[in-house]
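The file work-v7.cif contains mmCIF, C-alpha atoms, pLDDT in the B column; chains and numbers go by the auth columns:
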```cif
data_upload
loop_
_atom_site.group_PDB
_atom_site.id
_atom_site.type_symbol
_atom_site.label_atom_id
_atom_site.label_comp_id
_atom_site.label_asym_id
_atom_site.label_seq_id
_atom_site.Cartn_x
_atom_site.Cartn_y
_atom_site.Cartn_z
_atom_site.B_iso_or_equiv
_atom_site.auth_seq_id
_atom_site.auth_asym_id
ATOM 1 C CA MET A 1 -3.213 -15.774 24.376 54.00 27 W
ATOM 2 C CA ALA A 2 -2.114 -19.319 23.482 80.00 28 W
ATOM 3 C CA VAL A 3 -5.752 -20.461 23.479 80.00 29 W
ATOM 4 C CA THR A 4 -6.735 -17.576 21.195 84.00 30 W
ATOM 5 C CA ASP A 5 -3.803 -18.384 18.885 88.00 31 W
ATOM 6 C CA GLU A 6 -5.043 -21.953 18.654 88.00 32 W
ATOM 7 C CA ALA A 7 -8.529 -20.721 17.753 90.00 33 W
ATOM 8 C CA ILE A 8 -7.082 -18.435 15.067 92.00 34 W
ATOM 9 C CA GLU A 9 -5.079 -21.316 13.597 92.00 35 W
ATOM 10 C CA LYS A 10 -8.125 -23.567 13.470 92.00 36 W
ATOM 11 C CA ILE A 11 -10.245 -20.976 11.657 93.00 37 W
ATOM 12 C CA LYS A 12 -7.337 -20.261 9.330 92.00 38 W
ATOM 13 C CA GLY A 13 -7.077 -23.998 8.637 92.00 39 W
ATOM 14 C CA MET A 14 -10.734 -24.111 7.623 93.00 40 W
ATOM 15 C CA ILE A 15 -10.220 -21.249 5.181 94.00 41 W
ATOM 16 C CA VAL A 16 -6.959 -22.584 3.723 92.00 42 W
ATOM 17 C CA SER A 17 -8.434 -26.081 3.286 93.00 43 W
ATOM 18 C CA GLY A 18 -11.478 -24.702 1.491 93.00 44 W
ATOM 19 C CA ALA A 19 -13.956 -25.732 4.187 93.00 45 W
ATOM 20 C CA LEU A 20 -14.732 -22.033 4.394 93.00 46 W
ATOM 21 C CA ARG A 21 -14.571 -20.024 1.173 94.00 47 W
ATOM 22 C CA PRO A 22 -14.649 -16.286 0.457 94.00 48 W
ATOM 23 C CA GLY A 23 -18.135 -14.978 1.189 94.00 49 W
ATOM 24 C CA ASP A 24 -19.158 -18.001 3.290 95.00 50 W
ATOM 25 C CA ARG A 25 -21.002 -17.472 6.531 95.00 51 W
ATOM 26 C CA LEU A 26 -19.465 -19.108 9.590 95.00 52 W
ATOM 27 C CA PRO A 27 -21.602 -21.587 11.546 93.00 53 W
ATOM 28 C CA LYS A 28 -23.256 -20.350 14.717 92.00 54 W
ATOM 29 C CA GLU A 29 -20.796 -19.582 17.481 91.00 55 W
ATOM 30 C CA SER A 30 -21.918 -22.474 19.696 92.00 56 W
ATOM 31 C CA GLU A 31 -21.738 -24.979 16.834 92.00 57 W
ATOM 32 C CA LEU A 32 -18.360 -23.817 15.560 92.00 58 W
ATOM 33 C CA ALA A 33 -16.858 -23.791 19.062 92.00 59 W
ATOM 34 C CA ALA A 34 -18.023 -27.355 19.613 92.00 60 W
ATOM 35 C CA ASP A 35 -16.800 -28.535 16.197 90.00 61 W
ATOM 36 C CA LEU A 36 -13.339 -27.031 16.765 90.00 62 W
ATOM 37 C CA GLY A 37 -13.079 -28.043 20.412 91.00 63 W
ATOM 38 C CA LEU A 38 -12.816 -24.443 21.567 89.00 64 W
ATOM 39 C CA SER A 39 -14.426 -22.364 24.271 91.00 65 W
ATOM 40 C CA ARG A 40 -16.825 -19.744 23.022 90.00 66 W
ATOM 41 C CA ASN A 41 -14.676 -17.029 24.603 91.00 67 W
ATOM 42 C CA SER A 42 -11.519 -18.093 22.749 91.00 68 W
ATOM 43 C CA LEU A 43 -13.504 -18.384 19.515 92.00 69 W
ATOM 44 C CA ARG A 44 -14.914 -14.908 20.029 92.00 70 W
ATOM 45 C CA GLU A 45 -11.421 -13.468 20.568 92.00 71 W
ATOM 46 C CA ALA A 46 -10.145 -15.225 17.449 93.00 72 W
ATOM 47 C CA VAL A 47 -13.009 -13.849 15.366 94.00 73 W
ATOM 48 C CA ARG A 48 -12.324 -10.362 16.690 92.00 74 W
ATOM 49 C CA ALA A 49 -8.628 -10.635 15.792 90.00 75 W
ATOM 50 C CA LEU A 50 -9.324 -12.000 12.304 92.00 76 W
ATOM 51 C CA SER A 51 -11.860 -9.258 11.641 91.00 77 W
ATOM 52 C CA LEU A 52 -9.225 -6.624 12.428 85.00 78 W
ATOM 53 C CA ILE A 53 -7.013 -7.937 9.640 84.00 79 W
ATOM 54 C CA ARG A 54 -9.966 -8.265 7.258 87.00 80 W
ATOM 55 C CA ILE A 55 -10.097 -12.068 7.146 91.00 81 W
ATOM 56 C CA LEU A 56 -13.553 -12.098 8.687 94.00 82 W
ATOM 57 C CA ASP A 57 -16.424 -9.631 8.508 94.00 83 W
ATOM 58 C CA VAL A 58 -18.650 -9.454 11.583 93.00 84 W
ATOM 59 C CA ARG A 59 -22.101 -8.156 10.659 92.00 85 W
ATOM 60 C CA GLN A 60 -24.216 -7.243 13.641 88.00 86 W
ATOM 61 C CA GLY A 61 -27.527 -9.096 13.618 86.00 87 W
ATOM 62 C CA ASP A 62 -26.517 -11.157 10.579 90.00 88 W
ATOM 63 C CA GLY A 63 -23.505 -13.280 11.430 91.00 89 W
ATOM 64 C CA THR A 64 -19.810 -13.585 10.632 94.00 90 W
ATOM 65 C CA TYR A 65 -18.573 -14.050 7.082 95.00 91 W
ATOM 66 C CA VAL A 66 -15.287 -14.776 5.379 95.00 92 W
ATOM 67 C CA THR A 67 -14.332 -11.654 3.419 93.00 93 W
ATOM 68 C CA SER A 68 -13.460 -11.667 -0.264 91.00 94 W
ATOM 69 C CA LEU A 69 -9.798 -12.266 0.797 87.00 95 W
ATOM 70 C CA ASP A 70 -8.850 -9.853 -1.973 85.00 96 W
ATOM 71 C CA PRO A 71 -5.147 -8.876 -1.657 78.00 97 W
ATOM 72 C CA GLN A 72 -5.995 -5.171 -1.542 75.00 98 W
ATOM 73 C CA LEU A 73 -8.364 -5.759 1.366 78.00 99 W
ATOM 74 C CA LEU A 74 -5.940 -7.957 3.293 76.00 100 W
ATOM 75 C CA LEU A 75 -2.994 -5.632 2.763 74.00 101 W
ATOM 76 C CA GLU A 76 -4.905 -2.691 4.262 72.00 102 W
ATOM 77 C CA ALA A 77 -3.563 -4.031 7.544 69.00 103 W
ATOM 78 C CA LEU A 78 -0.083 -3.111 6.310 68.00 104 W
ATOM 79 C CA SER A 79 -1.055 0.573 6.213 68.00 105 W
ATOM 80 C CA PHE A 80 -2.204 0.287 9.819 66.00 106 W
ATOM 81 C CA VAL A 81 1.091 -1.286 10.885 67.00 107 W
ATOM 82 C CA VAL A 82 3.382 1.148 9.080 68.00 108 W
ATOM 83 C CA ASP A 83 1.621 4.106 10.679 64.00 109 W
ATOM 84 C CA PHE A 84 3.430 3.102 13.882 64.00 110 W
ATOM 85 C CA HIS A 85 6.893 3.435 12.377 63.00 111 W
ATOM 86 C CA ARG A 86 9.632 5.373 14.121 64.00 112 W
ATOM 87 C CA ASP A 87 11.292 8.225 12.274 64.00 113 W
ATOM 88 C CA ASP A 88 14.506 6.244 11.887 68.00 114 W
ATOM 89 C CA THR A 89 12.670 3.431 10.092 78.00 115 W
ATOM 90 C CA VAL A 90 11.318 5.692 7.337 81.00 116 W
ATOM 91 C CA LEU A 91 14.513 4.936 5.434 84.00 117 W
ATOM 92 C CA GLU A 92 13.737 1.234 5.569 85.00 118 W
ATOM 93 C CA PHE A 93 10.285 1.798 4.096 85.00 119 W
ATOM 94 C CA LEU A 94 11.789 3.972 1.379 87.00 120 W
ATOM 95 C CA ALA A 95 14.351 1.257 0.634 89.00 121 W
ATOM 96 C CA VAL A 96 11.560 -1.281 0.126 90.00 122 W
ATOM 97 C CA ARG A 97 9.687 1.173 -2.061 91.00 123 W
ATOM 98 C CA ARG A 98 12.865 1.745 -4.099 93.00 124 W
ATOM 99 C CA ILE A 99 12.994 -2.003 -4.802 94.00 125 W
ATOM 100 C CA LEU A 100 9.320 -2.466 -5.674 94.00 126 W
ATOM 101 C CA GLU A 101 8.130 0.711 -7.366 95.00 127 W
ATOM 102 C CA PRO A 102 10.680 0.860 -10.205 96.00 128 W
ATOM 103 C CA ALA A 103 9.771 -2.742 -11.036 95.00 129 W
ATOM 104 C CA ALA A 104 6.072 -1.855 -11.111 96.00 130 W
ATOM 105 C CA THR A 105 6.803 1.218 -13.251 97.00 131 W
ATOM 106 C CA ALA A 106 8.748 -0.910 -15.726 97.00 132 W
ATOM 107 C CA MET A 107 5.860 -3.390 -15.888 96.00 133 W
ATOM 108 C CA ALA A 108 3.476 -0.515 -16.627 96.00 134 W
ATOM 109 C CA ALA A 109 5.488 0.526 -19.718 96.00 135 W
ATOM 110 C CA SER A 110 3.925 -2.162 -21.888 95.00 136 W
ATOM 111 C CA ARG A 111 0.439 -1.845 -20.389 95.00 137 W
ATOM 112 C CA ILE A 112 -0.375 1.811 -19.798 96.00 138 W
ATOM 113 C CA SER A 113 -2.632 3.360 -22.416 95.00 139 W
ATOM 114 C CA ASN A 114 -2.257 6.717 -24.152 95.00 140 W
ATOM 115 C CA ALA A 115 -5.471 7.837 -22.469 96.00 141 W
ATOM 116 C CA GLN A 116 -4.010 7.036 -19.049 95.00 142 W
ATOM 117 C CA LEU A 117 -0.780 8.830 -19.914 96.00 143 W
ATOM 118 C CA ASP A 118 -2.756 11.846 -21.113 96.00 144 W
ATOM 119 C CA ALA A 119 -4.718 11.918 -17.847 95.00 145 W
ATOM 120 C CA LEU A 120 -1.491 11.835 -15.806 95.00 146 W
ATOM 121 C CA THR A 121 -0.012 14.602 -17.968 95.00 147 W
ATOM 122 C CA LEU A 122 -3.094 16.774 -17.452 94.00 148 W
ATOM 123 C CA GLN A 123 -2.823 16.162 -13.723 92.00 149 W
ATOM 124 C CA LEU A 124 0.758 17.473 -13.756 91.00 150 W
ATOM 125 C CA ASP A 125 -0.177 20.435 -15.957 92.00 151 W
ATOM 126 C CA ALA A 126 -2.969 21.385 -13.546 91.00 152 W
ATOM 127 C CA LEU A 127 -0.440 21.666 -10.717 88.00 153 W
ATOM 128 C CA GLY A 128 1.419 24.450 -12.445 86.00 154 W
ATOM 129 C CA GLU A 129 5.051 25.278 -11.799 81.00 155 W
ATOM 130 C CA ALA A 130 4.750 26.345 -8.167 84.00 156 W
ATOM 131 C CA PRO A 131 2.257 24.149 -6.296 87.00 157 W
ATOM 132 C CA SER A 132 2.167 24.035 -2.510 87.00 158 W
ATOM 133 C CA VAL A 133 3.958 21.156 -0.825 85.00 159 W
ATOM 134 C CA GLU A 134 0.609 19.656 0.197 87.00 160 W
ATOM 135 C CA GLU A 135 -0.696 19.823 -3.402 89.00 161 W
ATOM 136 C CA LEU A 136 2.503 18.283 -4.704 87.00 162 W
ATOM 137 C CA VAL A 137 2.450 15.392 -2.230 87.00 163 W
ATOM 138 C CA ALA A 138 -1.222 14.652 -2.957 88.00 164 W
ATOM 139 C CA CYS A 139 -0.482 14.655 -6.685 90.00 165 W
ATOM 140 C CA ASP A 140 2.619 12.525 -6.128 90.00 166 W
ATOM 141 C CA LEU A 141 0.557 9.841 -4.384 89.00 167 W
ATOM 142 C CA GLU A 142 -2.054 9.760 -7.154 91.00 168 W
ATOM 143 C CA PHE A 143 0.603 9.894 -9.873 93.00 169 W
ATOM 144 C CA HIS A 144 2.464 6.824 -8.658 93.00 170 W
ATOM 145 C CA ARG A 145 -0.726 4.968 -7.749 91.00 171 W
ATOM 146 C CA GLY A 146 -2.055 5.553 -11.267 93.00 172 W
ATOM 147 C CA ILE A 147 1.097 4.093 -12.809 95.00 173 W
ATOM 148 C CA VAL A 148 1.411 1.133 -10.437 94.00 174 W
ATOM 149 C CA GLN A 149 -2.237 0.176 -10.980 92.00 175 W
ATOM 150 C CA THR A 150 -1.476 -0.374 -14.666 94.00 176 W
ATOM 151 C CA SER A 151 1.303 -2.858 -13.825 93.00 177 W
ATOM 152 C CA GLY A 152 -1.331 -5.593 -13.756 89.00 178 W
ATOM 153 C CA ASN A 153 -0.270 -6.838 -10.314 90.00 179 W
ATOM 154 C CA SER A 154 -2.828 -6.070 -7.607 86.00 180 W
ATOM 155 C CA VAL A 155 -0.616 -7.410 -4.811 87.00 181 W
ATOM 156 C CA LEU A 156 2.254 -5.136 -5.816 89.00 182 W
ATOM 157 C CA CYS A 157 -0.127 -2.192 -6.033 88.00 183 W
ATOM 158 C CA SER A 158 -1.520 -2.874 -2.549 85.00 184 W
ATOM 159 C CA LEU A 159 1.935 -3.301 -1.042 87.00 185 W
ATOM 160 C CA LEU A 160 3.079 0.039 -2.430 89.00 186 W
ATOM 161 C CA ASP A 161 -0.112 1.721 -1.282 84.00 187 W
ATOM 162 C CA GLY A 162 0.578 0.467 2.217 81.00 188 W
ATOM 163 C CA LEU A 163 4.111 1.857 2.156 82.00 189 W
ATOM 164 C CA SER A 164 3.006 5.354 1.162 80.00 190 W
ATOM 165 C CA GLY A 165 2.159 6.557 4.679 75.00 191 W
ATOM 166 C CA PRO A 166 5.643 7.040 6.132 72.00 192 W
ATOM 167 C CA THR A 167 7.183 7.983 2.800 80.00 193 W
ATOM 168 C CA THR A 168 4.568 10.706 2.341 81.00 194 W
ATOM 169 C CA ARG A 169 5.729 12.263 5.581 76.00 195 W
ATOM 170 C CA ALA A 170 9.309 12.201 4.327 82.00 196 W
ATOM 171 C CA ARG A 171 8.294 13.906 1.085 83.00 197 W
ATOM 172 C CA ILE A 172 6.561 16.689 3.045 81.00 198 W
ATOM 173 C CA TRP A 173 9.683 17.279 5.135 80.00 199 W
ATOM 174 C CA ARG A 174 11.718 17.434 1.964 84.00 200 W
ATOM 175 C CA GLY A 175 9.381 19.922 0.322 83.00 201 W
ATOM 176 C CA LEU A 176 9.541 22.207 3.338 79.00 202 W
ATOM 177 C CA THR A 177 13.311 22.229 3.652 85.00 203 W
ATOM 178 C CA GLN A 178 14.826 21.728 0.209 84.00 204 W
ATOM 179 C CA GLU A 179 14.551 24.622 -2.222 81.00 205 W
ATOM 180 C CA ASP A 180 14.494 22.690 -5.503 86.00 206 W
ATOM 181 C CA ALA A 181 12.382 19.762 -4.277 86.00 207 W
ATOM 182 C CA VAL A 182 9.208 20.889 -6.068 87.00 208 W
ATOM 183 C CA SER A 183 10.816 21.562 -9.455 89.00 209 W
ATOM 184 C CA ARG A 184 12.894 18.382 -9.222 89.00 210 W
ATOM 185 C CA THR A 185 9.842 16.271 -8.435 90.00 211 W
ATOM 186 C CA LEU A 186 7.904 17.717 -11.368 91.00 212 W
ATOM 187 C CA HIS A 187 10.874 17.131 -13.687 93.00 213 W
ATOM 188 C CA GLU A 188 11.219 13.515 -12.545 94.00 214 W
ATOM 189 C CA HIS A 189 7.489 12.892 -12.979 95.00 215 W
ATOM 190 C CA ARG A 190 7.621 14.172 -16.558 95.00 216 W
ATOM 191 C CA ALA A 191 10.690 12.043 -17.271 97.00 217 W
ATOM 192 C CA ILE A 192 8.868 8.938 -16.005 97.00 218 W
ATOM 193 C CA LEU A 193 5.872 9.774 -18.217 97.00 219 W
ATOM 194 C CA ALA A 194 8.101 10.304 -21.267 97.00 220 W
ATOM 195 C CA ALA A 195 9.716 6.890 -20.745 97.00 221 W
ATOM 196 C CA LEU A 196 6.299 5.248 -20.371 97.00 222 W
ATOM 197 C CA ARG A 197 5.024 6.964 -23.515 97.00 223 W
ATOM 198 C CA ASP A 198 8.061 5.577 -25.374 97.00 224 W
ATOM 199 C CA GLN A 199 7.280 2.148 -23.857 96.00 225 W
ATOM 200 C CA ASP A 200 10.861 2.132 -22.617 97.00 226 W
ATOM 201 C CA ALA A 201 10.654 -0.107 -19.561 97.00 227 W
ATOM 202 C CA GLU A 202 14.283 0.317 -18.512 97.00 228 W
ATOM 203 C CA ALA A 203 14.194 4.109 -18.747 97.00 229 W
ATOM 204 C CA ALA A 204 10.960 4.126 -16.745 97.00 230 W
ATOM 205 C CA ARG A 205 12.577 1.862 -14.147 97.00 231 W
ATOM 206 C CA SER A 206 15.655 4.110 -13.971 97.00 232 W
ATOM 207 C CA TRP A 207 13.718 7.349 -13.552 97.00 233 W
ATOM 208 C CA ALA A 208 11.495 5.818 -10.870 96.00 234 W
ATOM 209 C CA THR A 209 14.623 4.666 -9.033 96.00 235 W
ATOM 210 C CA VAL A 210 16.183 8.133 -9.263 95.00 236 W
ATOM 211 C CA HIS A 211 12.945 9.710 -8.053 93.00 237 W
ATOM 212 C CA ILE A 212 12.711 7.586 -4.895 92.00 238 W
ATOM 213 C CA ALA A 213 16.448 7.527 -4.257 92.00 239 W
ATOM 214 C CA SER A 214 16.627 11.331 -4.231 89.00 240 W
ATOM 215 C CA VAL A 215 14.105 11.449 -1.364 87.00 241 W
ATOM 216 C CA GLU A 216 15.958 8.661 0.411 87.00 242 W
ATOM 217 C CA GLN A 217 19.343 10.367 -0.014 87.00 243 W
ATOM 218 C CA TRP A 218 18.015 13.674 1.278 86.00 244 W
ATOM 219 C CA LEU A 219 16.352 12.038 4.277 85.00 245 W
ATOM 220 C CA ARG A 220 19.484 10.046 5.115 84.00 246 W
ATOM 221 C CA SER A 221 21.435 13.323 5.332 84.00 247 W
ATOM 222 C CA THR A 222 18.895 14.928 7.662 79.00 248 W
ATOM 223 C CA LEU A 223 18.321 12.178 10.236 72.00 249 W
#
```
Could you write out this structure as structure tokens?
Amino acid sequence: MAVTDEAIEKIKGMIVSGALRPGDRLPKESELAADLGLSRNSLREAVRALSLIRILDVRQGDGTYVTSLDPQLLLEALSFVVDFHRDDTVLEFLAVRRILEPAATAMAASRISNAQLDALTLQLDALGEAPSVEELVACDLEFHRGIVQTSGNSVLCSLLDGLSGPTTRARIWRGLTQEDAVSRTLHEHRAILAALRDQDAEAARSWATVHIASVEQWLRSTL
């Protein structure tokens, strides 16, 4: 493992230094191993590990390339990691989301367009007053993603996307066990939209905090 770690660090060093740039093709395996003073086996293991976290893209019959290194691509690995959470760590994910998402919602207040707000409103209207829990959760994911994407910060958007897995599960539990969860969620969504339409960043931040905190508070009482 130590030899593979060394190989990973050397390839990382080439990328960080600019010797390898996004989209570049890596030299042939034999040449790169010789240049870096590595065995071909350790280099192969390093390439495999870096491809799993989307640093490298191995194309069969073509070669190995550095990916775009776009934050959204790199942070996909976060979604993979959080899928392995334990039930008692859902609260920790929700706590992180409660810190980040209200900030992103406040940032969106000065950027979101009327057309985007209208589309989100139509999405809520299409749900009706008594959607199924599954419909509500799917809408909830798209609703918050649509707002966060207008914050102008792709890293923040990708981080929050990655945190949605375990928190989605918590929202489903809540919808199945708490009588007013559906109506409360719809009310909070409309309050967030109203604040965004008024370009009131602090109100948008507050309603987003209330929205996430209510799920967190309910879950804390059930675990």
Original post:
Can you list what the PyMOL selection byres ((chain W and resi 73) around 9) grabs from this structure, as a PyMOL selection string?
Top reply: chain W and resi 33-34+37+68-72+74-78+81-84+90
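Using only C-alpha atoms, the nearest neighbour of Gln149 (chain W) within the list W:Val241, W:Leu212, W:Ala220, W:Leu52 is W:Leu212.
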**OP:** Point out the residue among W:Cys183, W:Leu219, W:Ala207, W:Leu95 with the least atom-to-atom distance to Pro157 (chain W), counting only C-alpha atoms.
**Re:**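 Smallest separation from Pro157 (chain W) among the options: W:Ala207.
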Original post:
Using only C-alpha atoms, which of the listed residues (W:Ser136, W:Thr248, W:Ser209, W:Thr131) sits closest to Leu182 (chain W)?
Top reply: W:Thr131
Original post:
CA of Thr147 (chain W) and CA of Ala121 (chain W) are how many Å apart?
Top reply: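 Computed distance, CA of Thr147 (chain W) to CA of Ala121 (chain W), equals 27.0 Å.
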Subject >> Residue with smallest distance to Asp187 (chain W) - pool W:Gly201, W:Pro97, W:Gly63, W:Gly154, counting all atoms listed in the file >> reply: W:Pro97
Original post:
What separation in Å, quoted to one decimal, exists between CA of Ile41 (chain W) and CA of Leu189 (chain W)?
Top reply: 27.4 Å
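Atom to atom, CA of Ala196 (chain W) and CA of Glu127 (chain W) stand 16.4 Å apart.
Taking all atoms listed in the file into account, Ser184 (chain W) lies nearest to W:Glu102 out of the set W:Asn67, W:Lys54, W:Glu102, W:Leu46.
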